[in-house]
Every structure is written in structure tokens, then in C-alpha cells.
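J.: This is query32.txt (compact mmCIF, C-alpha atoms).
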# COMPACT_ATOMS: atom_id res chain seq x y z
CA MET A 59 -185.82 -90.39 114.71
CA ILE A 60 -188.39 -88.47 116.66
CA GLY A 61 -191.08 -90.85 115.50
CA LEU A 62 -188.90 -93.78 116.46
CA SER A 63 -188.48 -92.34 119.91
CA ALA A 64 -192.21 -91.85 120.42
CA THR A 65 -192.86 -95.36 119.16
CA LEU A 66 -190.25 -96.78 121.48
CA LEU A 67 -191.69 -94.99 124.46
CA VAL A 68 -195.26 -96.02 123.85
CA LEU A 69 -194.56 -99.62 122.94
CA GLY A 70 -191.75 -100.06 125.40
CA ALA A 71 -192.99 -98.20 128.43
CA GLY A 72 -196.60 -97.38 127.66
CA ARG A 73 -196.25 -93.60 127.77
CA ILE A 74 -196.83 -90.69 125.45
CA ALA A 75 -193.63 -88.91 124.42
CA GLY A 76 -195.08 -85.50 125.07
CA ILE A 77 -192.35 -83.29 126.40
CA ALA A 78 -194.76 -80.87 128.03
CA GLY A 79 -196.34 -83.63 130.07
CA ILE A 80 -193.04 -85.22 130.88
CA VAL A 81 -191.38 -82.04 132.06
CA GLY A 82 -194.53 -80.66 133.66
CA GLY A 83 -195.20 -83.87 135.53
CA ALA A 84 -191.67 -84.19 136.83
CA PHE A 85 -191.64 -80.54 137.81
CA GLN A 86 -194.87 -80.92 139.73
CA GLY A 87 -193.25 -83.73 141.64
CA LEU A 88 -190.31 -81.49 142.41
CA VAL A 89 -192.55 -78.68 143.59
CA ARG A 90 -194.47 -80.99 145.85
CA GLY A 91 -191.23 -82.14 147.37
CA SER A 92 -191.15 -85.68 146.15
CA LEU A 93 -189.64 -87.15 143.04
CA GLN A 94 -191.01 -90.56 143.74
CA GLY A 95 -192.69 -92.11 140.75
CA GLN A 96 -191.04 -89.67 138.37
CA GLY A 97 -188.32 -92.06 137.28
CA VAL A 98 -189.55 -92.56 133.74
CA ARG A 99 -189.99 -88.84 133.18
CA LEU A 100 -186.63 -87.93 134.63
CA ALA A 101 -184.94 -90.62 132.58
CA PHE A 102 -186.49 -89.32 129.37
CA ILE A 103 -185.42 -85.78 130.21
CA ALA A 104 -181.93 -87.01 131.05
CA GLY A 105 -181.80 -88.69 127.67
CA MET A 106 -182.72 -85.46 125.90
CA VAL A 107 -180.17 -83.44 127.83
CA LEU A 108 -177.50 -86.04 127.14
CA ALA A 109 -178.22 -86.19 123.43
CA PRO A 110 -175.82 -83.37 122.42
CA THR A 111 -173.01 -85.10 124.29
CA LEU A 112 -173.70 -88.34 122.46
CA TRP A 113 -173.93 -86.47 119.17
CA GLN A 114 -170.58 -84.84 119.69
CA TRP A 115 -168.82 -88.17 120.01
CA VAL A 116 -169.56 -88.64 116.36
CA LYS A 117 -169.44 -85.15 114.91
CA PRO A 118 -169.70 -81.46 115.84
CA LEU A 119 -173.08 -80.03 116.76
CA PRO A 120 -174.83 -77.96 114.14
CA GLU A 121 -175.05 -74.27 114.86
CA SER A 122 -177.77 -72.86 117.07
CA VAL A 123 -178.53 -69.26 116.31
CA ASN A 124 -180.42 -67.31 118.92
CA VAL A 125 -183.24 -65.05 117.82
CA ALA A 126 -184.26 -63.19 120.94
CA SER A 127 -182.95 -60.94 123.67
CA THR A 128 -182.76 -62.41 127.16
CA GLY A 129 -185.92 -60.56 128.13
CA ALA A 130 -187.74 -61.90 125.11
CA LEU A 131 -186.49 -65.40 125.90
CA LEU A 132 -187.87 -65.14 129.41
CA LEU A 133 -191.21 -63.97 128.07
CA ALA A 134 -191.19 -66.71 125.48
CA GLY A 135 -190.42 -69.32 128.11
CA LEU A 136 -193.22 -68.11 130.34
CA LEU A 137 -195.74 -68.23 127.49
CA VAL A 138 -194.63 -71.70 126.52
CA GLY A 139 -194.68 -72.91 130.13
CA VAL A 140 -198.20 -71.67 130.69
CA GLY A 141 -199.43 -72.65 127.24
CA VAL A 142 -198.24 -76.23 127.21
CA ARG A 143 -199.69 -76.95 130.62
CA MET A 144 -202.98 -75.32 129.72
CA GLY A 145 -203.21 -77.08 126.40
CA ASN A 146 -201.85 -80.27 127.84
CA GLY A 147 -199.18 -80.73 125.25
CA CYS A 148 -196.72 -79.31 122.75
CA THR A 149 -195.15 -80.08 119.39
CA SER A 150 -194.20 -83.58 120.45
CA GLY A 151 -197.23 -84.46 122.53
CA HIS A 152 -199.98 -83.09 120.35
CA GLY A 153 -197.99 -82.55 117.20
CA VAL A 154 -196.29 -85.91 116.84
CA CYS A 155 -198.07 -88.32 119.17
CA GLY A 156 -201.51 -86.79 118.88
CA LEU A 157 -201.49 -86.49 115.12
CA SER A 158 -200.03 -89.99 114.77
CA ARG A 159 -203.15 -91.18 116.56
CA PHE A 160 -205.41 -89.05 114.40
CA SER A 161 -206.62 -87.17 117.44
CA MET A 162 -209.00 -84.29 116.67
CA ARG A 163 -208.11 -82.72 119.98
CA SER A 164 -204.49 -82.66 119.02
CA LEU A 165 -205.29 -81.26 115.62
CA ALA A 166 -207.11 -78.36 117.26
CA ASN A 167 -204.17 -77.67 119.53
CA VAL A 168 -201.64 -77.97 116.72
CA MET A 169 -203.59 -75.58 114.51
CA ALA A 170 -203.76 -73.11 117.39
CA PHE A 171 -200.07 -73.16 118.07
CA MET A 172 -199.01 -73.15 114.46
CA GLY A 173 -201.34 -70.26 113.80
CA ALA A 174 -200.03 -68.31 116.76
CA GLY A 175 -196.47 -69.08 115.76
CA PHE A 176 -196.99 -67.82 112.21
CA VAL A 177 -198.74 -64.66 113.39
CA VAL A 178 -196.17 -63.85 116.05
CA VAL A 179 -193.21 -64.35 113.75
CA TYR A 180 -194.92 -62.24 111.12
CA LEU A 181 -195.35 -59.47 113.68
CA ILE A 182 -191.79 -59.74 114.86
CA LYS A 183 -190.19 -59.90 111.46
CA HIS A 184 -192.37 -57.68 109.37
CA LEU A 185 -194.17 -55.23 111.57
CA LEU A 186 -192.02 -54.46 114.58
CA MET B 16 -186.97 -101.46 132.56
CA ASN B 17 -189.27 -98.52 131.90
CA ILE B 18 -186.53 -96.19 133.02
CA LEU B 19 -183.99 -97.59 130.62
CA ILE B 20 -186.46 -97.40 127.79
CA ALA B 21 -187.24 -93.83 128.71
CA LEU B 22 -183.57 -92.89 128.83
CA LEU B 23 -182.93 -94.46 125.46
CA SER B 24 -186.05 -92.92 124.02
CA GLY B 25 -185.12 -89.49 125.32
CA SER B 26 -181.67 -89.75 123.80
CA ILE B 27 -183.04 -90.77 120.43
CA PHE B 28 -185.55 -87.96 120.66
CA GLY B 29 -182.82 -85.43 121.41
CA ILE B 30 -180.63 -86.70 118.62
CA GLY B 31 -183.59 -86.47 116.27
CA LEU B 32 -184.21 -82.91 117.33
CA ILE B 33 -180.60 -81.93 116.70
CA ALA B 34 -180.58 -83.69 113.33
CA GLY B 35 -183.83 -82.05 112.36
CA GLY B 36 -182.68 -78.57 113.24
CA MET B 37 -185.27 -78.05 115.94
CA THR B 38 -182.58 -76.95 118.38
CA ASN B 39 -181.73 -73.98 116.18
CA PRO B 40 -184.15 -71.13 116.98
CA ALA B 41 -183.27 -69.34 113.73
CA LYS B 42 -184.42 -72.38 111.78
CA VAL B 43 -187.67 -72.58 113.75
CA GLN B 44 -188.40 -68.93 113.10
CA GLY B 45 -187.58 -69.50 109.46
CA PHE B 46 -190.24 -72.19 109.39
CA LEU B 47 -192.74 -69.87 111.05
CA ASP B 48 -191.88 -66.99 108.71
CA LEU B 49 -194.66 -67.99 106.37
CA PHE B 50 -194.97 -64.60 104.75
CA GLY B 51 -191.26 -63.94 104.47
CA LEU B 52 -188.30 -66.15 103.67
CA TRP B 53 -190.20 -69.35 104.40
CA ASP B 54 -188.12 -72.40 105.23
CA PRO B 55 -190.53 -75.36 105.11
CA SER B 56 -188.00 -78.02 106.02
CA LEU B 57 -189.22 -78.39 109.60
CA ALA B 58 -192.53 -79.57 108.17
CA LEU B 59 -190.61 -82.56 106.86
CA VAL B 60 -189.23 -83.21 110.32
CA MET B 61 -192.68 -83.23 111.86
CA GLY B 62 -194.13 -85.14 108.92
CA GLY B 63 -191.44 -87.76 109.16
CA ALA B 64 -191.97 -88.10 112.88
CA ILE B 65 -195.71 -88.54 112.42
CA ALA B 66 -195.20 -91.08 109.65
CA VAL B 67 -193.13 -93.27 111.93
CA GLY B 68 -195.27 -92.52 114.96
CA THR B 69 -198.45 -93.57 113.18
CA VAL B 70 -197.14 -97.09 112.79
CA GLY B 71 -196.02 -97.20 116.38
CA PHE B 72 -199.27 -95.95 117.82
CA TRP B 73 -201.29 -98.28 115.65
CA ARG B 74 -199.30 -101.17 117.05
CA ALA B 75 -199.70 -99.83 120.56
CA GLY B 76 -203.46 -99.59 120.09
CA ARG B 77 -203.66 -103.30 119.44
CA ARG B 78 -201.66 -104.36 122.45
CA GLU B 79 -202.64 -104.53 126.06
CA ARG B 80 -199.21 -104.14 127.48
CA ALA B 81 -195.96 -102.42 126.68
CA TRP B 82 -192.75 -104.44 126.24
CA SER B 83 -191.85 -103.66 129.82
CA GLY B 84 -195.07 -105.23 131.02
CA ASP B 85 -196.74 -102.02 132.10
CA THR B 86 -200.13 -101.00 130.80
CA ILE B 87 -200.12 -98.63 127.88
CA ASP B 88 -201.17 -95.22 129.12
CA ILE B 89 -202.75 -93.25 126.29
CA PRO B 90 -205.09 -90.32 126.82
CA LYS B 91 -208.72 -90.89 125.96
CA SER B 92 -210.23 -87.44 126.17
CA ARG B 93 -211.86 -86.22 123.00
CA VAL B 94 -213.03 -82.85 124.22
CA ILE B 95 -211.96 -79.76 122.31
CA ASP B 96 -212.35 -76.83 124.65
CA THR B 97 -211.16 -73.29 125.27
CA ARG B 98 -208.34 -74.50 127.46
CA LEU B 99 -206.92 -76.66 124.72
CA VAL B 100 -207.02 -73.94 122.11
CA LEU B 101 -205.95 -71.06 124.33
CA GLY B 102 -203.08 -73.14 125.61
CA GLY B 103 -202.07 -73.76 122.02
CA LEU B 104 -202.19 -70.06 121.19
CA LEU B 105 -200.03 -69.09 124.16
CA PHE B 106 -197.57 -71.84 123.44
CA GLY B 107 -197.37 -70.90 119.79
CA ALA B 108 -196.74 -67.27 120.66
CA GLY B 109 -193.87 -68.19 122.94
CA TRP B 110 -192.54 -70.56 120.32
CA GLY B 111 -192.54 -67.82 117.73
CA ILE B 112 -190.79 -65.34 120.01
CA GLY B 113 -188.09 -67.59 121.36
CA GLY B 114 -187.79 -70.20 118.65
CA PHE B 115 -187.87 -72.97 121.24
CA CYS B 116 -190.40 -75.49 122.32
CA PRO B 117 -189.88 -77.63 125.42
CA GLY B 118 -187.97 -80.56 123.95
CA PRO B 119 -185.44 -78.67 121.84
CA ALA B 120 -184.93 -76.23 124.68
CA LEU B 121 -183.87 -79.03 127.00
CA THR B 122 -181.61 -80.55 124.39
CA ALA B 123 -180.03 -77.22 123.57
CA LEU B 124 -179.56 -76.67 127.30
CA GLY B 125 -177.70 -79.97 127.37
CA ALA B 126 -175.43 -78.53 124.71
CA GLY B 127 -174.69 -75.55 126.92
CA PHE B 128 -176.56 -73.04 124.77
CA MET B 129 -177.20 -70.09 127.08
CA PRO B 130 -180.40 -68.78 125.46
CA ALA B 131 -181.92 -72.21 126.05
CA VAL B 132 -181.05 -71.97 129.73
CA TRP B 133 -183.00 -68.73 130.12
CA PHE B 134 -185.86 -70.16 128.17
CA VAL B 135 -186.05 -73.32 130.27
CA LEU B 136 -185.94 -71.37 133.54
CA ALA B 137 -188.79 -69.18 132.36
CA MET B 138 -190.66 -72.20 131.06
CA LEU B 139 -190.50 -73.92 134.43
CA ALA B 140 -191.69 -70.69 136.01
CA GLY B 141 -194.56 -70.53 133.55
CA MET B 142 -195.51 -74.13 134.28
CA TRP B 143 -195.47 -73.37 137.97
CA VAL B 144 -197.62 -70.27 137.50
CA HIS B 145 -200.13 -72.27 135.51
CA ASP B 146 -200.32 -75.18 137.88
CA ARG B 147 -200.51 -72.96 140.94
CA PHE B 148 -202.83 -70.22 139.76
CA LEU B 149 -204.41 -70.92 136.43
CA SER B 150 -205.41 -74.53 136.45
CA THR B 151 -208.67 -73.73 138.20
CA LEU B 152 -209.65 -71.21 135.54
CA PHE B 153 -211.25 -73.82 133.40
CA ALA B 154 -212.30 -76.19 136.10
CA LYS B 155 -215.78 -77.47 135.62
CA PRO B 156 -218.19 -76.92 138.49
CA PRO B 157 -218.99 -80.08 140.40
CA ALA B 158 -221.88 -82.03 138.94
CA PRO B 159 -225.15 -81.37 140.79
Any chance you could put this one into C-alpha cells?

T.:
Amino acid sequence: MIGLSATLLVLGAGRIAGIAGIVGGAFQGLVRGSLQGQGVRLAFIAGMVLAPTLWQWVKPLPESVNVASTGALLLAGLLVGVGVRMGNGCTSGHGVCGLSRFSMRSLANVMAFMGAGFVVVYLIKHLL
Amino acid sequence: MNILIALLSGSIFGIGLIAGGMTNPAKVQGFLDLFGLWDPSLALVMGGAIAVGTVGFWRAGRRERAWSGDTIDIPKSRVIDTRLVLGGLLFGAGWGIGGFCPGPALTALGAGFMPAVWFVLAMLAGMWVHDRFLSTLFAKPPAP
């Protein structure tokens, strides 16, 4: 379904379904005081936020189990916020769209974030 | 037209994330717990997404215009630099700690999941910090 969504966005509207770019771009607009031109991004975000509601019309949502304290969540969010802007993408932008295009840049970014993810979880689960 | 497509696309994306288990931080950590109780199923989610996406992007590469009539806006940079990799490392670290990446966090927020709310607030703060203070770190000096 995720692939379908990315395909739809690129063929239908000509944009990459990279959440980091979509959220980051819209947010920049917000910070600068104008949301003009951000319609496509905001619509995509709205779609994502609405998805659970749509899902629930058909059946109950699967469980979401939290893994971090509030403080850790805030730290995690900060790291992700900085990281996806610096790297210009995330799991959907580089991971799905980039790899679907056979982009070496994306591969480098994906290997970096997967590697970091594995190491960090190892530290959290097995060493700390 | 673009907006409707984006809205539909976003919804499908969110539904896909929920179906794939990406909105469950415990499942994400399970996938990243390579040396422990490894749950590889998220690899199938990403693999499946790429399989479908490959077809889509191949088609997009051969067209000049999207269905809506707009030009197709695909990045062309091929540079692999420190910024790209460091950004990936930071992102991956946050992903491992919180079990969220941007898309699932927004979808989980839409479901009213409180941890996702904290995460998204911090993520926006992090994006702001980067754009305001860090984006010049890797700026190339002007060409002579």
C-alpha cells in the first residue's frame, strides 16, 4: 500500500512521497508565516492523520505499544527532526522512493539509518 | 487536483503504515533488535513498498507530466556527502530510541496515541533547530 501511495503521488502529482520533505517543507512555510503553496504537502499530511479514522470504520486499530519514556520520546523526536532534515529524507523518502529509483544517495542514507537503528536498539536492549 | 491526489495518497500511505505495523513502536524496535529477538517482518513491508514503487517510478521516469498536468519533480542530486550520512545516523538513532519515524508518528498521532504526540512535537522542534541553526554547517563556500 505504501508503494501504491508513492506511485500515486509521483504519477498523479509529480512529487516524491518523502514524509520528511513533506512535513519539513510545510513546517518551514508555517515558520515563515505563510502556508501558501503548501497545499499538496498539507493534504498529504492530512491524509496520513486521517488514516486511522478511515481504518476504524472497517475494523479496530491494531495495538501500538510504546517503548520509551516521555523524555526519551522527546530526545528521539529531536534526533529524527534534525536527522531527516540534514539527510534530506527518511524511511519513505530515501527508503521507499529513493531505493525504488535505485538511487545510490538513498542507499547511503538508508544504510546509515538502518545501521544507527540497529546499534541504538542493541545498546538500549542489551547493554543499558 | 494535486491536492486531492495528495490527500488520497496520504490516506493510502497511512493505511499502509497501520497495516504494516509501522505505527507500533514495539514492532519497529523488534525489527531493529538484530542481535536479540529479531522480528524481520518490517523488511517485508519496506520490500513490498519498494517493489510497487519501482514500477511507479519507472513509469514516472518516462513521462513528462503527472496526471494532474504538473511537471514531475524528482530530485537529481547524486552526491553522497557527510550531511547525507550524518543525517541518516541521527535519524536512525532517534528511530531506534522512539520506535517512530515521521510518517508513522503522524499517523499514530491521528489515532490519538500520546507517545506519538510527544514525538511529533519534538520532531518539529528538531526540524526547526536544523533549519535555523544547522543548515549552514555543510554549506559549500561560494565558488570563486

J.: Given only C-alpha atoms as the basis, pick out the residue of A:Phe160, A:Leu100, A:Lys117, A:Phe176 nearest to chain B.

T.: A:Phe176

J.: Measuring between only C-alpha atoms, which one of A:Ser127, A:Ser161, A:Ser122, A:Thr149 shows the shortest distance to chain B?

T.: A:Ser122

J.: Interatomic distance between atom CA of B:Phe115 and atom CA of A:Val138?

T.: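 These atoms are spaced 8.7 Å apart.
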
J.: Quick one: pull the distance between atom CA of B:Leu101 and atom CA of A:Gly129, Å, one decimal.

T.: 22.9 Å

J.: Pick the closest to chain A from B:Val60, B:Gly107, B:Leu152, B:Gly45: which is it, counting all atoms listed in the file?

T.: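 With all atoms listed in the file as the atom set, the closest residue is B:Gly107.
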
J.: Using all atoms listed in the file for the distances, tell me which of B:Phe46, B:Asp96, B:Ala21, B:Gly36 is nearest to chain A.

T.: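 Checking each candidate against chain A, we get B:Ala21 as the closest.
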
J.: So which one's closest to B:Val132, A:Ile182, A:Leu157, A:Val107, A:Ala174? Using all atoms listed in the file, please.

T.: A:Val107

J.: List as a PyMOL selection string the protein and nucleic acid residues near B:Phe106, meaning an atom at most 8 Å away when only C-alpha atoms are counted, but skip any in the same chain fewer than 5 places from it.

T.: chain A and resi 137-142+148+171+174

J.: Give me the chain B side of the contact with chain A, cut-off 6 Å, one line per residue showing its nearest atom pair and distance in Å at one decimal, counting all atoms listed in the file, sorted by chain and residue number, as JSON lines.

T.:
{"residue": "B:Asn17", "atom": "CA", "partner": "A:Ala71", "partner_atom": "CA", "distance": 5.1}
{"residue": "B:Ile18", "atom": "CA", "partner": "A:Val98", "partner_atom": "CA", "distance": 4.8}
{"residue": "B:Ala21", "atom": "CA", "partner": "A:Phe102", "partner_atom": "CA", "distance": 4.6}
{"residue": "B:Leu22", "atom": "CA", "partner": "A:Ala101", "partner_atom": "CA", "distance": 4.6}
{"residue": "B:Ser24", "atom": "CA", "partner": "A:Ser63", "partner_atom": "CA", "distance": 4.8}
{"residue": "B:Gly25", "atom": "CA", "partner": "A:Gly105", "partner_atom": "CA", "distance": 4.1}
{"residue": "B:Ser26", "atom": "CA", "partner": "A:Gly105", "partner_atom": "CA", "distance": 4.0}
{"residue": "B:Ile27", "atom": "CA", "partner": "A:Ser63", "partner_atom": "CA", "distance": 5.7}
{"residue": "B:Phe28", "atom": "CA", "partner": "A:Ile60", "partner_atom": "CA", "distance": 4.9}
{"residue": "B:Gly29", "atom": "CA", "partner": "A:Met106", "partner_atom": "CA", "distance": 4.5}
{"residue": "B:Ile30", "atom": "CA", "partner": "A:Ala109", "partner_atom": "CA", "distance": 5.4}
{"residue": "B:Gly31", "atom": "CA", "partner": "A:Met59", "partner_atom": "CA", "distance": 4.8}
{"residue": "B:Asn39", "atom": "CA", "partner": "A:Ser122", "partner_atom": "CA", "distance": 4.2}
{"residue": "B:Pro40", "atom": "CA", "partner": "A:Asn124", "partner_atom": "CA", "distance": 5.7}
{"residue": "B:Ala41", "atom": "CA", "partner": "A:Val123", "partner_atom": "CA", "distance": 5.4}
{"residue": "B:Leu47", "atom": "CA", "partner": "A:Phe176", "partner_atom": "CA", "distance": 4.9}
{"residue": "B:Asp48", "atom": "CA", "partner": "A:Val179", "partner_atom": "CA", "distance": 5.8}
{"residue": "B:Ala64", "atom": "CA", "partner": "A:Gly61", "partner_atom": "CA", "distance": 3.9}
{"residue": "B:Ile65", "atom": "CA", "partner": "A:Ser158", "partner_atom": "CA", "distance": 5.1}
{"residue": "B:Val67", "atom": "CA", "partner": "A:Gly61", "partner_atom": "CA", "distance": 4.8}
{"residue": "B:Gly68", "atom": "CA", "partner": "A:Gly61", "partner_atom": "CA", "distance": 4.5}
{"residue": "B:Thr69", "atom": "CA", "partner": "A:Ser158", "partner_atom": "CA", "distance": 4.2}
{"residue": "B:Gly71", "atom": "CA", "partner": "A:Thr65", "partner_atom": "CA", "distance": 4.6}
{"residue": "B:Ala75", "atom": "CA", "partner": "A:Leu69", "partner_atom": "CA", "distance": 5.7}
{"residue": "B:Ala81", "atom": "CA", "partner": "A:Leu69", "partner_atom": "CA", "distance": 4.9}
{"residue": "B:Trp82", "atom": "CA", "partner": "A:Gly70", "partner_atom": "CA", "distance": 4.6}
{"residue": "B:Ser83", "atom": "CA", "partner": "A:Gly70", "partner_atom": "CA", "distance": 5.7}
{"residue": "B:Thr86", "atom": "CA", "partner": "A:Gly72", "partner_atom": "CA", "distance": 6.0}
{"residue": "B:Ile87", "atom": "CA", "partner": "A:Gly72", "partner_atom": "CA", "distance": 3.7}
{"residue": "B:Asp88", "atom": "CA", "partner": "A:Gly72", "partner_atom": "CA", "distance": 5.3}
{"residue": "B:Arg93", "atom": "CA", "partner": "A:Arg163", "partner_atom": "CA", "distance": 6.0}
{"residue": "B:Ile95", "atom": "CA", "partner": "A:Arg163", "partner_atom": "CA", "distance": 5.4}
{"residue": "B:Arg98", "atom": "CA", "partner": "A:Gly145", "partner_atom": "CA", "distance": 5.8}
{"residue": "B:Leu99", "atom": "CA", "partner": "A:Gly145", "partner_atom": "CA", "distance": 4.1}
{"residue": "B:Val100", "atom": "CA", "partner": "A:Asn167", "partner_atom": "CA", "distance": 5.4}
{"residue": "B:Gly102", "atom": "CA", "partner": "A:Gly145", "partner_atom": "CA", "distance": 4.0}
{"residue": "B:Gly103", "atom": "CA", "partner": "A:Phe171", "partner_atom": "CA", "distance": 4.5}
{"residue": "B:Leu104", "atom": "CA", "partner": "A:Phe171", "partner_atom": "CA", "distance": 4.9}
{"residue": "B:Leu105", "atom": "CA", "partner": "A:Gly141", "partner_atom": "CA", "distance": 4.7}
{"residue": "B:Phe106", "atom": "CA", "partner": "A:Val138", "partner_atom": "CA", "distance": 4.3}
{"residue": "B:Gly107", "atom": "CA", "partner": "A:Phe171", "partner_atom": "CA", "distance": 3.9}
{"residue": "B:Ala108", "atom": "CA", "partner": "A:Ala174", "partner_atom": "CA", "distance": 5.2}
{"residue": "B:Gly109", "atom": "CA", "partner": "A:Ala134", "partner_atom": "CA", "distance": 4.0}
{"residue": "B:Gly111", "atom": "CA", "partner": "A:Gly175", "partner_atom": "CA", "distance": 4.6}
{"residue": "B:Ile112", "atom": "CA", "partner": "A:Ala134", "partner_atom": "CA", "distance": 5.7}
{"residue": "B:Gly113", "atom": "CA", "partner": "A:Ala134", "partner_atom": "CA", "distance": 5.2}
{"residue": "B:Gly118", "atom": "CA", "partner": "A:Ile77", "partner_atom": "CA", "distance": 5.7}
{"residue": "B:Leu121", "atom": "CA", "partner": "A:Val107", "partner_atom": "CA", "distance": 5.8}
{"residue": "B:Thr122", "atom": "CA", "partner": "A:Val107", "partner_atom": "CA", "distance": 4.7}
{"residue": "B:Gly125", "atom": "CA", "partner": "A:Val107", "partner_atom": "CA", "distance": 4.3}
{"residue": "B:Ala126", "atom": "CA", "partner": "A:Pro110", "partner_atom": "CA", "distance": 5.4}
{"residue": "B:Phe134", "atom": "CA", "partner": "A:Gly135", "partner_atom": "CA", "distance": 4.6}
{"residue": "B:Ala137", "atom": "CA", "partner": "A:Gly135", "partner_atom": "CA", "distance": 4.6}
{"residue": "B:Met138", "atom": "CA", "partner": "A:Gly135", "partner_atom": "CA", "distance": 4.1}
{"residue": "B:Gly141", "atom": "CA", "partner": "A:Gly139", "partner_atom": "CA", "distance": 4.2}
{"residue": "B:Met142", "atom": "CA", "partner": "A:Gly139", "partner_atom": "CA", "distance": 4.4}
{"residue": "B:His145", "atom": "CA", "partner": "A:Val140", "partner_atom": "CA", "distance": 5.2}

J.: Provide the atom CA of B:Gln44 to atom CA of B:Gly114 distance in Å, to one decimal place.

T.: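 Taking atom CA of B:Gln44 as the start and atom CA of B:Gly114 as the end point, the length is 5.7 Å.
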